[in-house]
2 protein chains.
Amino acid sequence: MTDISITPAERRRLKVRDSIIAAAERVFAEEGEAGLSIRRLAKKIDYSPAAIYKYFASKDDLVDELKDAFFDRLLTQIHRIADKETPFSARMADCLATYVKEGLSSPHHYAAAFVGTARDTGLDASHPDFAQQSKGRAFRVLMGMMAEGIELGHFRKDLDPELAAKSIWASLHGLTMMMIHIPTYPRLSADSEAPDRETFIQIHADHLVRGLESRNDS
Amino acid sequence: MTDISITPAERRRLKVRDSIIAAAERVFAEEGEAGLSIRRLAKKIDYSPAAIYKYFASKDDLVDELKDAFFDRLLTQIHRIADKETPFSARMADCLATYVKEGLSSPHHYAAAFVGTARDTGLDASHPDFAQQSKGRAFRVLMGMMAEGIELGHFRKDLDPELAAKSIWASLHGLTMMMIHIPTYPRLSADSEAPDRETFIQIHADHLVRGLESRNDS
DNA sequence: AATTTTAGTGAACAGTGTTTACTTTTTGAA
DNA sequence: TTCAAAAAGTAAACACTGTTCACTAAAATT
């Protein structure tokens, strides 16, 4: 009985823990991982640096939590579109654009979630299986839509939904990273006449969808 | 007259400088920017840490030189394909695949060249114009091929070569980053039956090209 | 009320990039 | 060849970083 409700001690602990990630979130959103230091964080919440280690095993663990929270938010946004009952084409295009835009809304979070050439965020035994992470769940939404598109005849029948989804995902990821890294993308030089970012995201999504569509129908 | 040839002093200086970047290159290729420290570098070449600052203004400057050198190599590889006189389709596909493969051959270099959400590697006044960098020159090769493809009728006539090239570039970038970040890509879970990397690069390139092609011709 | 567990801390360890004052070596000219 | 100037190289310090450890103070449990 008593273990169902939460004890005041646990409630206090959670409060401190939350204040840590809240402060971290603030710094991280503005300056990214580079600007985030345990000592700086400690000052912000008026604790000693060592105190933070009673709540997080390491800085990486803390940052991982920020990344995970971001991808949860991204997943929510994706679902908000994907679960609609609008026509397939519009839904698909909306989903692709939403992924990119959501990434751009938290560039530091997004980019940080894709760093490390190794298994630090990969899929070794220590981490949960990829499909379980919100990154993986977001991918499965895309893969589901892909299967639907093939089913409906919008996309070529010979496509493997998983491979096609991975290809599309990579392309979306690329545009997102590009726009994060080159803030003026798709403008490269000052003089070039280029559409605004939103329009370009649409163009990009159109190219991608076109590569999947079955031909010889309007 | 005397300023045409190089003095022994300058030659010595260049030798030391080269030994620094050589050592840096070795470390960077294996462990990336994380494993590279001035002090460690100094130990490797048997100099004091401060000595390195007589050759490079900062660690970032040193690392920038590594990145630039890498992109020069990448540009060379791209040109090796693009300058061939083979049929357009094959050349285009080869170019796209080569970009990705070359990126994967030096994952740390490639990924490092695309970090920083800000203008640290962007296109502010301090840096040379984007089109001048080897990153920009590589892009111009792609854009040239795009124009050629439109000219030849392979690609839709209504495409803007610059925008289309940017879209393709973003997609290539995405696949490269994905494969760097998820070493088993396109395999996500251990059980999934997926093609090898080389094949998947091809599939991805095919999707991209398909999105550009004019329709209703075989 | 006594004991055990937990929260929190100051100080230290082993690193980092970078600067400054200083010495040694090399160079170019009188 | 001698001598001033420039360049090469360094030890030590500054201001940081993540992390650990021995320790105290305060709750929680028995």
# chains A, B, ... in the order shown; residues from 1 in each chain; ligands from 1
>>> residues_around(residues="Ile150 of chain B", least_positions_apart="4", cutoff="12 Å", atoms="only C-alpha atoms (C1' of nucleotides)", output="list in words")
Phe88, Ser89, Met143, Gly144, Met145, Met146, His154, Phe155, Arg156, Lys157, Asp158, Leu159, Asp160, Pro161, Glu162, Ala164, Ala165, Val209, Leu212, Glu213 and Ser214 of chain B
>>> write_last_selection(atoms="C-alpha atoms", output="mmCIF file, in the first residue's frame")
data_model
loop_
_atom_site.group_PDB
_atom_site.id
_atom_site.type_symbol
_atom_site.label_atom_id
_atom_site.label_comp_id
_atom_site.auth_asym_id
_atom_site.auth_seq_id
_atom_site.Cartn_x
_atom_site.Cartn_y
_atom_site.Cartn_z
ATOM 1 C CA PHE B 88 26.260 10.784 -67.854
ATOM 2 C CA SER B 89 24.112 8.415 -65.804
ATOM 3 C CA MET B 143 25.919 21.576 -59.438
ATOM 4 C CA GLY B 144 27.708 21.389 -62.769
ATOM 5 C CA MET B 145 26.653 17.808 -63.260
ATOM 6 C CA MET B 146 23.137 18.751 -62.334
ATOM 7 C CA HIS B 154 17.902 13.241 -68.150
ATOM 8 C CA PHE B 155 16.488 15.513 -65.515
ATOM 9 C CA ARG B 156 13.330 17.576 -65.469
ATOM 10 C CA LYS B 157 13.693 20.815 -67.371
ATOM 11 C CA ASP B 158 11.973 22.836 -64.679
ATOM 12 C CA LEU B 159 14.644 22.096 -62.083
ATOM 13 C CA ASP B 160 16.832 24.863 -60.735
ATOM 14 C CA PRO B 161 20.288 23.291 -60.870
ATOM 15 C CA GLU B 162 21.487 25.104 -57.778
ATOM 16 C CA ALA B 164 18.453 20.619 -56.914
ATOM 17 C CA ALA B 165 22.162 20.249 -56.207
ATOM 18 C CA VAL B 209 18.325 10.419 -59.111
ATOM 19 C CA LEU B 212 15.128 14.314 -60.564
ATOM 20 C CA GLU B 213 14.455 12.342 -63.727
ATOM 21 C CA SER B 214 11.942 13.442 -66.271
#
>>> interface_residues(of="chain D", to="chain A", cutoff="12 Å", atoms="only C-alpha atoms (C1' of nucleotides)", output="PDB file with N, CA and C atoms (P, O5', C5', C4', C3', O3' and C1' of nucleotides), in the first residue's frame")
ATOM      1  P    DC D  16      37.517  31.230 -15.226  1.00  0.00           P
ATOM      2  O5'  DC D  16      36.790  29.927 -15.813  1.00  0.00           O
ATOM      3  C5'  DC D  16      37.074  28.623 -15.238  1.00  0.00           C
ATOM      4  C4'  DC D  16      37.371  27.657 -16.360  1.00  0.00           C
ATOM      5  C3'  DC D  16      36.718  26.299 -16.186  1.00  0.00           C
ATOM      6  O3'  DC D  16      35.416  26.320 -16.721  1.00  0.00           O
ATOM      7  C1'  DC D  16      39.009  26.050 -16.798  1.00  0.00           C
ATOM      8  P    DT D  17      34.263  25.407 -16.036  1.00  0.00           P
ATOM      9  O5'  DT D  17      34.671  23.939 -16.506  1.00  0.00           O
ATOM     10  C5'  DT D  17      34.732  23.628 -17.915  1.00  0.00           C
ATOM     11  C4'  DT D  17      35.323  22.244 -18.085  1.00  0.00           C
ATOM     12  C3'  DT D  17      34.695  21.180 -17.233  1.00  0.00           C
ATOM     13  O3'  DT D  17      33.494  20.729 -17.837  1.00  0.00           O
ATOM     14  C1'  DT D  17      37.072  20.967 -17.215  1.00  0.00           C
ATOM     15  P    DG D  18      32.403  20.000 -16.900  1.00  0.00           P
ATOM     16  O5'  DG D  18      32.999  18.538 -16.686  1.00  0.00           O
ATOM     17  C5'  DG D  18      33.165  17.674 -17.805  1.00  0.00           C
ATOM     18  C4'  DG D  18      33.740  16.343 -17.356  1.00  0.00           C
ATOM     19  C3'  DG D  18      32.828  15.548 -16.429  1.00  0.00           C
ATOM     20  O3'  DG D  18      32.968  14.165 -16.705  1.00  0.00           O
ATOM     21  C1'  DG D  18      34.841  16.082 -15.285  1.00  0.00           C
ATOM     22  P    DT D  19      32.012  13.138 -15.910  1.00  0.00           P
ATOM     23  O5'  DT D  19      32.874  12.815 -14.609  1.00  0.00           O
ATOM     24  C5'  DT D  19      34.203  12.313 -14.777  1.00  0.00           C
ATOM     25  C4'  DT D  19      34.842  12.086 -13.429  1.00  0.00           C
ATOM     26  C3'  DT D  19      33.945  11.403 -12.383  1.00  0.00           C
ATOM     27  O3'  DT D  19      34.492  10.133 -12.084  1.00  0.00           O
ATOM     28  C1'  DT D  19      35.185  13.200 -11.453  1.00  0.00           C
ATOM     29  P    DT D  20      33.769   9.157 -11.077  1.00  0.00           P
ATOM     30  O5'  DT D  20      34.675   9.342  -9.779  1.00  0.00           O
ATOM     31  C5'  DT D  20      36.084   9.306  -9.924  1.00  0.00           C
ATOM     32  C4'  DT D  20      36.765   9.497  -8.577  1.00  0.00           C
ATOM     33  C3'  DT D  20      36.124   8.730  -7.407  1.00  0.00           C
ATOM     34  O3'  DT D  20      37.181   8.164  -6.640  1.00  0.00           O
ATOM     35  C1'  DT D  20      36.270  11.029  -6.886  1.00  0.00           C
ATOM     36  P    DC D  21      36.858   6.976  -5.635  1.00  0.00           P
ATOM     37  O5'  DC D  21      37.452   7.578  -4.273  1.00  0.00           O
ATOM     38  C5'  DC D  21      38.312   8.723  -4.331  1.00  0.00           C
ATOM     39  C4'  DC D  21      38.433   9.336  -2.944  1.00  0.00           C
ATOM     40  C3'  DC D  21      37.728   8.554  -1.829  1.00  0.00           C
ATOM     41  O3'  DC D  21      38.467   8.659  -0.630  1.00  0.00           O
ATOM     42  C1'  DC D  21      36.802  10.701  -1.978  1.00  0.00           C
ATOM     43  P    DA D  27      16.761  18.316   7.764  1.00  0.00           P
ATOM     44  O5'  DA D  27      15.921  17.403   6.757  1.00  0.00           O
ATOM     45  C5'  DA D  27      15.146  16.368   7.315  1.00  0.00           C
ATOM     46  C4'  DA D  27      15.711  15.013   6.913  1.00  0.00           C
ATOM     47  C3'  DA D  27      14.753  13.874   7.175  1.00  0.00           C
ATOM     48  O3'  DA D  27      14.179  13.468   5.953  1.00  0.00           O
ATOM     49  C1'  DA D  27      17.002  13.312   7.776  1.00  0.00           C
ATOM     50  P    DA D  28      12.755  12.743   5.959  1.00  0.00           P
ATOM     51  O5'  DA D  28      13.107  11.217   6.256  1.00  0.00           O
ATOM     52  C5'  DA D  28      14.057  10.574   5.435  1.00  0.00           C
ATOM     53  C4'  DA D  28      14.271   9.136   5.897  1.00  0.00           C
ATOM     54  C3'  DA D  28      13.001   8.432   6.381  1.00  0.00           C
ATOM     55  O3'  DA D  28      12.953   7.153   5.765  1.00  0.00           O
ATOM     56  C1'  DA D  28      14.707   8.334   8.057  1.00  0.00           C
TER      57       DA D  28
END
>>> select_by_dssp(residues="segment 23-157 of chain A", states="alpha helix (DSSP H)", output="ChimeraX atom specification")
/A:23-35,38-45,49-52,59-82,88-105,107-112,134-152
>>> write_last_selection(atoms="C-alpha atoms", output="JSON list (two decimals), in the first residue's frame")
[["chain", "number", "residue", "atom", "x", "y", "z"],
["A", 23, "ALA", "CA", 18.94, 24.49, -15.62],
["A", 24, "ALA", "CA", 20.82, 22.17, -17.95],
["A", 25, "GLU", "CA", 18.05, 22.45, -20.50],
["A", 26, "ARG", "CA", 18.26, 26.23, -20.45],
["A", 27, "VAL", "CA", 22.00, 26.32, -21.00],
["A", 28, "PHE", "CA", 22.00, 23.50, -23.52],
["A", 29, "ALA", "CA", 19.30, 25.02, -25.69],
["A", 30, "GLU", "CA", 21.26, 28.23, -26.03],
["A", 31, "GLU", "CA", 24.87, 27.12, -26.09],
["A", 32, "GLY", "CA", 24.83, 23.38, -26.64],
["A", 33, "GLU", "CA", 27.03, 20.83, -25.00],
["A", 34, "ALA", "CA", 30.05, 23.11, -25.25],
["A", 35, "GLY", "CA", 28.55, 25.68, -22.89],
["A", 38, "ILE", "CA", 28.87, 20.73, -14.21],
["A", 39, "ARG", "CA", 30.41, 23.57, -12.25],
["A", 40, "ARG", "CA", 28.45, 26.19, -14.08],
["A", 41, "LEU", "CA", 25.31, 24.17, -13.54],
["A", 42, "ALA", "CA", 26.07, 23.81, -9.86],
["A", 43, "LYS", "CA", 26.41, 27.57, -9.49],
["A", 44, "LYS", "CA", 23.11, 28.13, -11.25],
["A", 45, "ILE", "CA", 21.19, 25.91, -8.85],
["A", 49, "PRO", "CA", 29.46, 20.46, -8.21],
["A", 50, "ALA", "CA", 29.78, 17.16, -6.40],
["A", 51, "ALA", "CA", 26.11, 17.26, -5.47],
["A", 52, "ILE", "CA", 25.10, 16.76, -9.08],
["A", 59, "LYS", "CA", 27.69, 14.52, -17.43],
["A", 60, "ASP", "CA", 27.02, 12.24, -20.38],
["A", 61, "ASP", "CA", 24.13, 10.65, -18.54],
["A", 62, "LEU", "CA", 22.65, 14.05, -17.88],
["A", 63, "VAL", "CA", 23.03, 15.15, -21.46],
["A", 64, "ASP", "CA", 21.58, 11.86, -22.67],
["A", 65, "GLU", "CA", 18.45, 12.66, -20.73],
["A", 66, "LEU", "CA", 18.17, 16.00, -22.47],
["A", 67, "LYS", "CA", 18.54, 14.35, -25.86],
["A", 68, "ASP", "CA", 15.98, 11.70, -25.03],
["A", 69, "ALA", "CA", 13.50, 14.31, -23.86],
["A", 70, "PHE", "CA", 13.98, 16.20, -27.10],
["A", 71, "PHE", "CA", 13.37, 13.14, -29.22],
["A", 72, "ASP", "CA", 10.26, 12.42, -27.22],
["A", 73, "ARG", "CA", 9.00, 15.86, -28.10],
["A", 74, "LEU", "CA", 9.91, 15.28, -31.72],
["A", 75, "LEU", "CA", 8.07, 11.99, -31.67],
["A", 76, "THR", "CA", 4.99, 13.70, -30.28],
["A", 77, "GLN", "CA", 5.03, 16.25, -33.08],
["A", 78, "ILE", "CA", 5.42, 13.55, -35.69],
["A", 79, "HIS", "CA", 2.52, 11.61, -34.27],
["A", 80, "ARG", "CA", 0.36, 14.72, -34.21],
["A", 81, "ILE", "CA", 0.66, 14.72, -38.01],
["A", 82, "ALA", "CA", 0.90, 11.03, -38.81],
["A", 88, "PHE", "CA", -1.95, 10.32, -47.64],
["A", 89, "SER", "CA", 0.12, 12.64, -49.81],
["A", 90, "ALA", "CA", -0.43, 15.67, -47.63],
["A", 91, "ARG", "CA", 0.22, 13.64, -44.50],
["A", 92, "MET", "CA", 3.47, 12.24, -45.85],
["A", 93, "ALA", "CA", 4.77, 15.61, -46.94],
["A", 94, "ASP", "CA", 3.74, 17.16, -43.63],
["A", 95, "CYS", "CA", 5.57, 14.47, -41.69],
["A", 96, "LEU", "CA", 8.81, 14.94, -43.54],
["A", 97, "ALA", "CA", 8.68, 18.70, -43.17],
["A", 98, "THR", "CA", 7.77, 18.44, -39.50],
["A", 99, "TYR", "CA", 10.77, 16.25, -38.77],
["A", 100, "VAL", "CA", 13.12, 18.83, -40.22],
["A", 101, "LYS", "CA", 11.41, 21.81, -38.63],
["A", 102, "GLU", "CA", 11.32, 20.18, -35.22],
["A", 103, "GLY", "CA", 15.02, 19.45, -35.52],
["A", 104, "LEU", "CA", 15.68, 23.06, -36.42],
["A", 105, "SER", "CA", 13.68, 24.25, -33.45],
["A", 107, "PRO", "CA", 19.42, 22.60, -33.25],
["A", 108, "HIS", "CA", 21.77, 21.81, -30.38],
["A", 109, "HIS", "CA", 19.63, 18.94, -29.19],
["A", 110, "TYR", "CA", 19.20, 17.51, -32.63],
["A", 111, "ALA", "CA", 22.85, 17.71, -33.62],
["A", 112, "ALA", "CA", 24.04, 16.39, -30.27],
["A", 134, "SER", "CA", 12.32, 7.35, -29.36],
["A", 135, "LYS", "CA", 14.72, 7.79, -32.25],
["A", 136, "GLY", "CA", 13.77, 4.30, -33.35],
["A", 137, "ARG", "CA", 10.07, 4.84, -32.72],
["A", 138, "ALA", "CA", 10.13, 7.96, -34.87],
["A", 139, "PHE", "CA", 11.70, 5.89, -37.59],
["A", 140, "ARG", "CA", 8.98, 3.26, -37.30],
["A", 141, "VAL", "CA", 6.31, 5.90, -37.86],
["A", 142, "LEU", "CA", 8.04, 6.85, -41.09],
["A", 143, "MET", "CA", 8.33, 3.20, -42.07],
["A", 144, "GLY", "CA", 4.64, 2.69, -41.41],
["A", 145, "MET", "CA", 3.72, 5.55, -43.69],
["A", 146, "MET", "CA", 6.04, 4.16, -46.30],
["A", 147, "ALA", "CA", 4.25, 0.82, -46.20],
["A", 148, "GLU", "CA", 0.92, 2.61, -46.46],
["A", 149, "GLY", "CA", 2.12, 4.57, -49.48],
["A", 150, "ILE", "CA", 3.19, 1.40, -51.23],
["A", 151, "GLU", "CA", -0.09, -0.28, -50.32],
["A", 152, "LEU", "CA", -2.09, 2.62, -51.69]]
>>> interface_residues(of="chain C", to="chain B", cutoff="12 Å", atoms="only C-alpha atoms (C1' of nucleotides)", output="ChimeraX atom specification")
/C:15-20,26-27
>>> interface_residues(of="chain B", to="chain A", cutoff="8 Å", atoms="only C-alpha atoms", output="PyMOL selection string")
chain B and resi 107-108+114-119+121-123+129-131+163+166-167+170-175+177-178+180-183+186+188-189+194+203-204+207-212+215-216
